[in-house]
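Source file: model30.txt; contents: compact mmCIF, N, CA and C atoms.
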# COMPACT_ATOMS: atom_id res chain seq x y z
N MET A 14 -54.92 13.17 26.40
CA MET A 14 -54.38 13.23 25.06
C MET A 14 -54.65 14.61 24.45
N ARG A 15 -55.87 15.09 24.63
CA ARG A 15 -56.24 16.39 24.07
C ARG A 15 -55.39 17.50 24.70
N ARG A 16 -55.17 17.40 26.02
CA ARG A 16 -54.38 18.40 26.71
C ARG A 16 -52.95 18.40 26.18
N ASN A 17 -52.39 17.20 25.94
CA ASN A 17 -51.04 17.10 25.40
C ASN A 17 -50.94 17.76 24.03
N LEU A 18 -51.95 17.54 23.21
CA LEU A 18 -51.96 18.13 21.87
C LEU A 18 -51.99 19.65 21.95
N ILE A 19 -52.79 20.17 22.86
CA ILE A 19 -52.87 21.63 23.03
C ILE A 19 -51.53 22.18 23.50
N LEU A 20 -50.88 21.49 24.43
CA LEU A 20 -49.57 21.93 24.91
C LEU A 20 -48.54 21.93 23.79
N ILE A 21 -48.57 20.92 22.96
CA ILE A 21 -47.64 20.84 21.83
C ILE A 21 -47.89 21.99 20.86
N LEU A 22 -49.15 22.26 20.56
CA LEU A 22 -49.47 23.36 19.64
C LEU A 22 -49.04 24.71 20.20
N ILE A 23 -49.25 24.92 21.49
CA ILE A 23 -48.81 26.17 22.11
C ILE A 23 -47.28 26.29 22.04
N ALA A 24 -46.60 25.20 22.32
CA ALA A 24 -45.13 25.22 22.25
C ALA A 24 -44.66 25.53 20.84
N ILE A 25 -45.34 25.00 19.85
CA ILE A 25 -44.97 25.27 18.46
C ILE A 25 -45.14 26.76 18.16
N LEU A 26 -46.23 27.34 18.62
CA LEU A 26 -46.46 28.76 18.38
C LEU A 26 -45.42 29.63 19.07
N ILE A 27 -45.07 29.27 20.30
CA ILE A 27 -44.11 30.07 21.06
C ILE A 27 -42.70 29.94 20.51
N PHE A 28 -42.30 28.71 20.23
CA PHE A 28 -40.92 28.46 19.83
C PHE A 28 -40.75 28.17 18.34
N GLY A 29 -41.76 28.46 17.54
CA GLY A 29 -41.78 28.10 16.13
C GLY A 29 -40.58 28.58 15.32
N CYS A 30 -40.02 29.71 15.67
CA CYS A 30 -38.89 30.24 14.91
C CYS A 30 -37.55 29.70 15.38
N ASN A 31 -37.54 28.94 16.43
CA ASN A 31 -36.30 28.40 16.97
C ASN A 31 -36.05 27.04 16.33
N SER A 32 -35.08 26.96 15.41
CA SER A 32 -34.86 25.71 14.67
C SER A 32 -34.39 24.58 15.58
N LYS A 33 -33.61 24.90 16.62
CA LYS A 33 -33.18 23.86 17.55
C LYS A 33 -34.38 23.25 18.26
N PHE A 34 -35.31 24.10 18.69
CA PHE A 34 -36.53 23.61 19.33
C PHE A 34 -37.35 22.79 18.34
N GLU A 35 -37.42 23.27 17.10
CA GLU A 35 -38.18 22.58 16.07
C GLU A 35 -37.65 21.17 15.85
N ASN A 36 -36.32 21.03 15.78
CA ASN A 36 -35.72 19.70 15.61
C ASN A 36 -36.00 18.82 16.81
N THR A 37 -35.93 19.39 18.01
CA THR A 37 -36.23 18.63 19.22
C THR A 37 -37.67 18.19 19.23
N LEU A 38 -38.56 19.07 18.81
CA LEU A 38 -39.98 18.73 18.76
C LEU A 38 -40.24 17.62 17.74
N GLU A 39 -39.60 17.71 16.57
CA GLU A 39 -39.75 16.65 15.56
C GLU A 39 -39.27 15.31 16.11
N ASP A 40 -38.12 15.32 16.78
CA ASP A 40 -37.60 14.09 17.38
C ASP A 40 -38.59 13.52 18.39
N PHE A 41 -39.14 14.39 19.22
CA PHE A 41 -40.11 13.94 20.22
C PHE A 41 -41.32 13.31 19.56
N ILE A 42 -41.86 13.97 18.55
CA ILE A 42 -43.06 13.46 17.87
C ILE A 42 -42.75 12.13 17.18
N ASP A 43 -41.62 12.05 16.47
CA ASP A 43 -41.24 10.80 15.80
C ASP A 43 -41.07 9.67 16.80
N ASN A 44 -40.34 9.93 17.88
CA ASN A 44 -40.11 8.90 18.90
C ASN A 44 -41.42 8.48 19.54
N TYR A 45 -42.28 9.46 19.84
CA TYR A 45 -43.58 9.15 20.45
C TYR A 45 -44.40 8.26 19.51
N SER A 46 -44.44 8.63 18.26
CA SER A 46 -45.22 7.87 17.27
C SER A 46 -44.68 6.45 17.13
N PHE A 47 -43.36 6.32 17.01
CA PHE A 47 -42.76 4.99 16.85
C PHE A 47 -42.97 4.13 18.09
N ASN A 48 -42.74 4.72 19.27
CA ASN A 48 -42.92 3.97 20.51
C ASN A 48 -44.38 3.58 20.73
N LYS A 49 -45.30 4.44 20.35
CA LYS A 49 -46.72 4.12 20.46
C LYS A 49 -47.07 2.95 19.53
N THR A 50 -46.53 2.98 18.33
CA THR A 50 -46.77 1.89 17.38
C THR A 50 -46.24 0.58 17.94
N LYS A 51 -45.01 0.60 18.47
CA LYS A 51 -44.44 -0.63 19.05
C LYS A 51 -45.28 -1.14 20.21
N SER A 52 -45.70 -0.25 21.09
CA SER A 52 -46.44 -0.68 22.27
C SER A 52 -47.85 -1.16 21.94
N ASN A 53 -48.45 -0.66 20.86
CA ASN A 53 -49.79 -1.09 20.46
C ASN A 53 -49.77 -2.35 19.60
N SER A 54 -48.60 -2.79 19.21
CA SER A 54 -48.50 -3.96 18.33
C SER A 54 -48.64 -5.24 19.13
N LYS A 55 -49.48 -6.11 18.63
CA LYS A 55 -49.65 -7.44 19.21
C LYS A 55 -48.90 -8.49 18.39
N GLU A 56 -48.44 -8.06 17.22
CA GLU A 56 -47.71 -8.94 16.32
C GLU A 56 -46.79 -8.08 15.46
N ILE A 57 -45.57 -8.56 15.24
CA ILE A 57 -44.63 -7.89 14.35
C ILE A 57 -44.17 -8.94 13.35
N ILE A 58 -44.34 -8.62 12.08
CA ILE A 58 -43.90 -9.53 11.02
C ILE A 58 -42.74 -8.89 10.29
N ILE A 59 -41.63 -9.60 10.26
CA ILE A 59 -40.43 -9.13 9.58
C ILE A 59 -40.22 -10.03 8.36
N LYS A 60 -40.12 -9.42 7.19
CA LYS A 60 -39.95 -10.18 5.96
C LYS A 60 -38.62 -9.85 5.32
N LEU A 61 -37.91 -10.89 4.90
CA LEU A 61 -36.64 -10.76 4.20
C LEU A 61 -36.90 -10.88 2.70
N TYR A 62 -36.27 -9.99 1.91
CA TYR A 62 -36.47 -9.98 0.46
C TYR A 62 -35.18 -10.24 -0.29
N ASP A 63 -35.32 -10.78 -1.46
CA ASP A 63 -34.20 -11.02 -2.36
C ASP A 63 -33.99 -9.75 -3.18
N THR A 64 -32.90 -9.05 -2.93
CA THR A 64 -32.68 -7.77 -3.61
C THR A 64 -32.41 -7.92 -5.10
N THR A 65 -32.08 -9.11 -5.56
CA THR A 65 -31.92 -9.28 -7.01
C THR A 65 -33.28 -9.24 -7.70
N ILE A 66 -34.33 -9.56 -6.95
CA ILE A 66 -35.69 -9.50 -7.50
C ILE A 66 -36.29 -8.11 -7.30
N THR A 67 -36.06 -7.54 -6.13
CA THR A 67 -36.65 -6.23 -5.83
C THR A 67 -35.92 -5.09 -6.53
N LYS A 68 -34.78 -5.38 -7.11
CA LYS A 68 -34.01 -4.40 -7.92
C LYS A 68 -33.67 -3.14 -7.14
N ARG A 69 -33.09 -3.34 -5.96
CA ARG A 69 -32.55 -2.24 -5.15
C ARG A 69 -33.60 -1.18 -4.82
N ARG A 70 -34.76 -1.62 -4.41
CA ARG A 70 -35.84 -0.69 -4.06
C ARG A 70 -35.64 -0.12 -2.66
N ILE A 71 -36.12 1.07 -2.48
CA ILE A 71 -36.04 1.76 -1.19
C ILE A 71 -37.27 1.42 -0.35
N THR A 72 -38.44 1.36 -0.98
CA THR A 72 -39.70 1.03 -0.31
C THR A 72 -40.52 0.11 -1.21
N ASP A 73 -41.68 -0.24 -0.75
CA ASP A 73 -42.66 -1.04 -1.51
C ASP A 73 -42.19 -2.45 -1.86
N VAL A 74 -41.20 -2.96 -1.15
CA VAL A 74 -40.74 -4.33 -1.44
C VAL A 74 -41.77 -5.36 -1.01
N GLU A 75 -42.70 -4.97 -0.14
CA GLU A 75 -43.67 -5.94 0.35
C GLU A 75 -44.61 -6.44 -0.75
N PHE A 76 -44.57 -5.84 -1.93
CA PHE A 76 -45.36 -6.31 -3.06
C PHE A 76 -44.69 -7.50 -3.76
N PHE A 77 -43.45 -7.80 -3.39
CA PHE A 77 -42.74 -8.96 -3.91
C PHE A 77 -42.85 -10.10 -2.91
N ALA A 78 -42.62 -11.30 -3.39
CA ALA A 78 -42.62 -12.46 -2.48
C ALA A 78 -41.39 -12.39 -1.59
N SER A 79 -41.58 -12.70 -0.33
CA SER A 79 -40.44 -12.67 0.60
C SER A 79 -39.73 -14.02 0.60
N LYS A 80 -38.43 -13.98 0.91
CA LYS A 80 -37.64 -15.21 1.00
C LYS A 80 -37.87 -15.91 2.34
N LYS A 81 -38.07 -15.10 3.37
CA LYS A 81 -38.21 -15.63 4.71
C LYS A 81 -39.08 -14.68 5.51
N GLU A 82 -39.77 -15.25 6.51
CA GLU A 82 -40.66 -14.45 7.34
C GLU A 82 -40.46 -14.81 8.81
N PHE A 83 -40.40 -13.77 9.64
CA PHE A 83 -40.25 -13.94 11.09
C PHE A 83 -41.47 -13.30 11.74
N LYS A 84 -42.12 -14.03 12.66
CA LYS A 84 -43.31 -13.49 13.33
C LYS A 84 -43.06 -13.41 14.83
N ALA A 85 -43.09 -12.18 15.32
CA ALA A 85 -43.01 -11.96 16.76
C ALA A 85 -44.45 -11.88 17.27
N ILE A 86 -44.85 -12.90 18.00
CA ILE A 86 -46.24 -12.95 18.45
C ILE A 86 -46.39 -13.09 19.96
N ASN A 87 -45.34 -13.57 20.62
CA ASN A 87 -45.46 -13.70 22.07
C ASN A 87 -44.83 -12.49 22.76
N LYS A 88 -45.15 -12.34 24.02
CA LYS A 88 -44.72 -11.17 24.79
C LYS A 88 -43.20 -11.04 24.80
N GLN A 89 -42.48 -12.14 24.95
CA GLN A 89 -41.02 -12.09 25.02
C GLN A 89 -40.42 -11.60 23.70
N GLN A 90 -40.92 -12.08 22.58
CA GLN A 90 -40.42 -11.64 21.29
C GLN A 90 -40.69 -10.16 21.05
N LEU A 91 -41.86 -9.68 21.48
CA LEU A 91 -42.19 -8.27 21.32
C LEU A 91 -41.31 -7.40 22.23
N GLU A 92 -41.07 -7.86 23.45
CA GLU A 92 -40.19 -7.13 24.36
C GLU A 92 -38.75 -7.10 23.84
N ASN A 93 -38.30 -8.21 23.28
CA ASN A 93 -36.94 -8.26 22.73
C ASN A 93 -36.80 -7.32 21.53
N PHE A 94 -37.85 -7.19 20.75
CA PHE A 94 -37.81 -6.24 19.64
C PHE A 94 -37.65 -4.82 20.19
N ASP A 95 -38.39 -4.52 21.23
CA ASP A 95 -38.30 -3.21 21.86
C ASP A 95 -36.89 -2.94 22.39
N ARG A 96 -36.24 -3.97 22.90
CA ARG A 96 -34.88 -3.83 23.45
C ARG A 96 -33.84 -3.52 22.36
N LEU A 97 -34.15 -3.82 21.13
CA LEU A 97 -33.23 -3.48 20.04
C LEU A 97 -32.94 -1.99 20.01
N PHE A 98 -33.86 -1.19 20.50
CA PHE A 98 -33.76 0.26 20.36
C PHE A 98 -33.13 0.94 21.56
N ILE A 99 -32.67 0.14 22.54
CA ILE A 99 -31.89 0.72 23.63
C ILE A 99 -30.57 1.18 23.03
N ASN A 100 -30.22 2.41 23.23
CA ASN A 100 -29.01 3.03 22.68
C ASN A 100 -29.03 3.18 21.16
N ALA A 101 -30.21 3.09 20.55
CA ALA A 101 -30.30 3.32 19.10
C ALA A 101 -30.10 4.80 18.82
N GLU A 102 -29.53 5.08 17.67
CA GLU A 102 -29.33 6.47 17.26
C GLU A 102 -30.45 6.85 16.30
N LYS A 103 -31.18 7.91 16.64
CA LYS A 103 -32.23 8.40 15.76
C LYS A 103 -31.61 9.38 14.78
N THR A 104 -31.94 9.21 13.52
CA THR A 104 -31.44 10.11 12.49
C THR A 104 -32.62 10.74 11.77
N GLY A 105 -32.35 11.77 11.03
CA GLY A 105 -33.39 12.46 10.26
C GLY A 105 -33.60 11.77 8.92
N TYR A 106 -33.91 12.57 7.94
CA TYR A 106 -34.15 12.07 6.59
C TYR A 106 -32.99 11.20 6.12
N CYS A 107 -33.31 10.05 5.55
CA CYS A 107 -32.26 9.18 5.04
C CYS A 107 -32.45 9.00 3.54
N CYS A 108 -31.41 9.25 2.81
CA CYS A 108 -31.46 9.16 1.36
C CYS A 108 -30.94 7.82 0.88
N CYS A 109 -31.71 7.20 0.05
CA CYS A 109 -31.28 6.05 -0.74
C CYS A 109 -30.90 4.78 0.04
N PRO A 110 -31.60 4.43 1.10
CA PRO A 110 -31.31 3.15 1.73
C PRO A 110 -31.82 2.02 0.82
N LEU A 111 -31.45 0.82 1.13
CA LEU A 111 -31.88 -0.35 0.36
C LEU A 111 -32.73 -1.23 1.27
N ALA A 112 -33.96 -1.45 0.89
CA ALA A 112 -34.88 -2.26 1.71
C ALA A 112 -34.54 -3.74 1.56
N ILE A 113 -33.97 -4.30 2.61
CA ILE A 113 -33.68 -5.72 2.65
C ILE A 113 -34.80 -6.46 3.39
N TYR A 114 -35.32 -5.81 4.43
CA TYR A 114 -36.42 -6.35 5.23
C TYR A 114 -37.54 -5.31 5.28
N SER A 115 -38.76 -5.81 5.51
CA SER A 115 -39.86 -4.92 5.89
C SER A 115 -40.33 -5.37 7.27
N ILE A 116 -40.78 -4.40 8.06
CA ILE A 116 -41.29 -4.69 9.40
C ILE A 116 -42.72 -4.18 9.45
N HIS A 117 -43.65 -5.11 9.66
CA HIS A 117 -45.07 -4.79 9.71
C HIS A 117 -45.53 -4.86 11.16
N PHE A 118 -46.06 -3.76 11.67
CA PHE A 118 -46.58 -3.71 13.03
C PHE A 118 -48.08 -3.90 12.96
N LEU A 119 -48.58 -4.94 13.62
CA LEU A 119 -49.99 -5.30 13.53
C LEU A 119 -50.66 -5.34 14.89
N ASN A 120 -51.95 -5.03 14.88
CA ASN A 120 -52.80 -5.21 16.04
C ASN A 120 -54.13 -5.75 15.54
N LYS A 121 -54.41 -7.00 15.88
CA LYS A 121 -55.64 -7.67 15.43
C LYS A 121 -55.76 -7.62 13.91
N LYS A 122 -54.70 -7.99 13.23
CA LYS A 122 -54.62 -8.07 11.77
C LYS A 122 -54.65 -6.71 11.07
N GLU A 123 -54.78 -5.61 11.83
CA GLU A 123 -54.73 -4.28 11.24
C GLU A 123 -53.29 -3.79 11.27
N GLU A 124 -52.80 -3.35 10.12
CA GLU A 124 -51.43 -2.84 10.07
C GLU A 124 -51.37 -1.43 10.64
N LEU A 125 -50.58 -1.27 11.71
CA LEU A 125 -50.43 0.03 12.37
C LEU A 125 -49.40 0.89 11.66
N ASP A 126 -48.32 0.26 11.21
CA ASP A 126 -47.27 1.01 10.52
C ASP A 126 -46.35 0.03 9.81
N LEU A 127 -45.50 0.57 8.97
CA LEU A 127 -44.56 -0.22 8.18
C LEU A 127 -43.22 0.49 8.16
N PHE A 128 -42.17 -0.26 8.45
CA PHE A 128 -40.81 0.25 8.41
C PHE A 128 -39.99 -0.69 7.54
N TYR A 129 -38.82 -0.23 7.12
CA TYR A 129 -37.91 -1.04 6.33
C TYR A 129 -36.55 -1.10 7.02
N VAL A 130 -35.76 -2.10 6.63
CA VAL A 130 -34.44 -2.27 7.23
C VAL A 130 -33.40 -2.39 6.12
N ASP A 131 -32.37 -1.58 6.24
CA ASP A 131 -31.22 -1.64 5.33
C ASP A 131 -30.05 -2.22 6.13
N THR A 132 -29.57 -3.37 5.72
CA THR A 132 -28.46 -4.03 6.42
C THR A 132 -27.13 -3.86 5.68
N LEU A 133 -27.14 -3.16 4.55
CA LEU A 133 -25.94 -3.06 3.72
C LEU A 133 -25.22 -1.71 3.81
N GLN A 134 -25.92 -0.66 4.19
CA GLN A 134 -25.33 0.68 4.16
C GLN A 134 -24.14 0.83 5.11
N PHE A 135 -24.21 0.22 6.28
CA PHE A 135 -23.15 0.32 7.27
C PHE A 135 -22.54 -1.05 7.54
N LYS A 136 -21.30 -1.06 7.92
CA LYS A 136 -20.62 -2.32 8.22
C LYS A 136 -21.13 -2.95 9.52
N ASN A 137 -21.27 -2.15 10.58
CA ASN A 137 -21.61 -2.69 11.90
C ASN A 137 -22.97 -2.26 12.41
N LYS A 138 -23.77 -1.64 11.55
CA LYS A 138 -25.09 -1.16 11.96
C LYS A 138 -26.12 -1.49 10.90
N VAL A 139 -27.38 -1.48 11.32
CA VAL A 139 -28.49 -1.56 10.37
C VAL A 139 -29.33 -0.30 10.55
N ARG A 140 -29.97 0.11 9.48
CA ARG A 140 -30.85 1.28 9.52
C ARG A 140 -32.29 0.79 9.43
N ILE A 141 -33.08 1.14 10.42
CA ILE A 141 -34.51 0.85 10.41
C ILE A 141 -35.19 2.18 10.13
N TYR A 142 -35.83 2.27 8.97
CA TYR A 142 -36.34 3.56 8.55
C TYR A 142 -37.83 3.55 8.26
N GLU A 143 -38.41 4.70 8.49
CA GLU A 143 -39.83 4.93 8.30
C GLU A 143 -40.13 4.91 6.80
N LYS A 144 -41.30 4.42 6.44
CA LYS A 144 -41.61 4.23 5.02
C LYS A 144 -41.53 5.50 4.19
N GLY A 145 -41.68 6.66 4.81
CA GLY A 145 -41.57 7.92 4.09
C GLY A 145 -40.15 8.47 4.09
N LEU A 146 -39.20 7.73 4.64
CA LEU A 146 -37.79 8.10 4.70
C LEU A 146 -37.52 9.33 5.56
N GLN A 147 -38.48 9.77 6.35
CA GLN A 147 -38.32 11.01 7.11
C GLN A 147 -37.43 10.85 8.34
N TYR A 148 -37.38 9.66 8.89
CA TYR A 148 -36.49 9.42 10.02
C TYR A 148 -36.15 7.94 10.09
N SER A 149 -35.10 7.65 10.83
CA SER A 149 -34.68 6.26 10.97
C SER A 149 -33.95 6.09 12.29
N TYR A 150 -33.69 4.83 12.60
CA TYR A 150 -32.89 4.46 13.76
C TYR A 150 -31.77 3.56 13.28
N THR A 151 -30.58 3.76 13.82
CA THR A 151 -29.50 2.82 13.53
C THR A 151 -29.23 2.04 14.81
N ILE A 152 -29.10 0.73 14.63
CA ILE A 152 -28.80 -0.16 15.75
C ILE A 152 -27.64 -1.05 15.36
N GLU A 153 -27.04 -1.67 16.34
CA GLU A 153 -25.92 -2.56 16.08
C GLU A 153 -26.37 -3.76 15.24
N LYS A 154 -25.59 -4.08 14.22
CA LYS A 154 -25.93 -5.19 13.33
C LYS A 154 -26.00 -6.51 14.08
N GLN A 155 -25.12 -6.70 15.05
CA GLN A 155 -25.11 -7.96 15.80
C GLN A 155 -26.40 -8.12 16.61
N LYS A 156 -26.90 -7.02 17.17
CA LYS A 156 -28.16 -7.08 17.92
C LYS A 156 -29.30 -7.51 16.99
N TRP A 157 -29.30 -6.99 15.76
CA TRP A 157 -30.32 -7.34 14.77
C TRP A 157 -30.23 -8.84 14.43
N LYS A 158 -29.01 -9.30 14.17
CA LYS A 158 -28.83 -10.72 13.85
C LYS A 158 -29.25 -11.62 15.00
N ASP A 159 -28.86 -11.23 16.22
CA ASP A 159 -29.23 -12.03 17.40
C ASP A 159 -30.74 -12.09 17.56
N TYR A 160 -31.40 -10.98 17.30
CA TYR A 160 -32.86 -10.98 17.41
C TYR A 160 -33.50 -11.93 16.40
N LEU A 161 -33.05 -11.87 15.16
CA LEU A 161 -33.63 -12.75 14.13
C LEU A 161 -33.30 -14.22 14.41
N ASN A 162 -32.17 -14.49 15.05
CA ASN A 162 -31.81 -15.87 15.38
C ASN A 162 -32.74 -16.48 16.43
N GLU A 163 -33.47 -15.64 17.16
CA GLU A 163 -34.44 -16.16 18.14
C GLU A 163 -35.55 -16.96 17.47
N PHE A 164 -35.76 -16.73 16.21
CA PHE A 164 -36.85 -17.41 15.51
C PHE A 164 -36.36 -18.70 14.90
Translate this structure into structure tokens?
Amino acid sequence: MRRNLILILIAILIFGCNSKFENTLEDFIDNYSFNKTKSNSKEIIIKLYDTTITKRRITDVEFFASKKEFKAINKQQLENFDRLFINAEKTGYCCCPLAIYSIHFLNKKEELDLFYVDTLQFKNKVRIYEKGLQYSYTIEKQKWKDYLNEF
């Protein structure tokens, strides 16, 4: 791990002025972080919120009561969640999504990370975005619905 960090820092110093490299490096770091969070999760809790109560919030909806809750706790459910991201499109900063769902990644009751899901912005896709809005993934809406129907 330490060696990887040193290599990344050296690459940043060498290619720091190259914006194409910088974007590629950001994508790599974001994907690495997200994939590490998914693989370290022993439980994923997805909560559905009533947007008439949350008043079109972008984040922090988890402070409201959820309408429905889905818990991925077995190996198959966790693997199926991972499969949602096959052919997902990674995007950069996303402005003004609407948090319909929150996704809590847990390991032994410790929250590893939190993401939100906007199901309204696109007709055939959903946006799963990082709580700081810095990056997101878009996946097919039908895949999302099929996954939730497993519960």
Could you check which residues have any atom within 7 Å of (-38.0, -10.2, 16.5), counting only N, CA and C atoms with coordinates taken straight from the file, and then list them as a ChimeraX atom specification?
/A:83-85,90-91,93-94,160-161,164
Pick from A:Tyr106, A:Tyr142, A:Phe76, A:Phe47: nearest to Tyr129 of chain A, with all atoms listed in the file counted?
A:Tyr142
Atomic separation - atom C of Gln134 of chain A relative to atom C of Thr64 of chain A, Å
15.8 Å
Report, in Å with one decimal, the straight-line distance from atom N of Lys49 of chain A to atom C of Leu125 of chain A.
10.2 Å
Any idea what the distance is between atom CA of Lys80 of chain A and atom CA of Arg96 of chain A?
25.3 Å
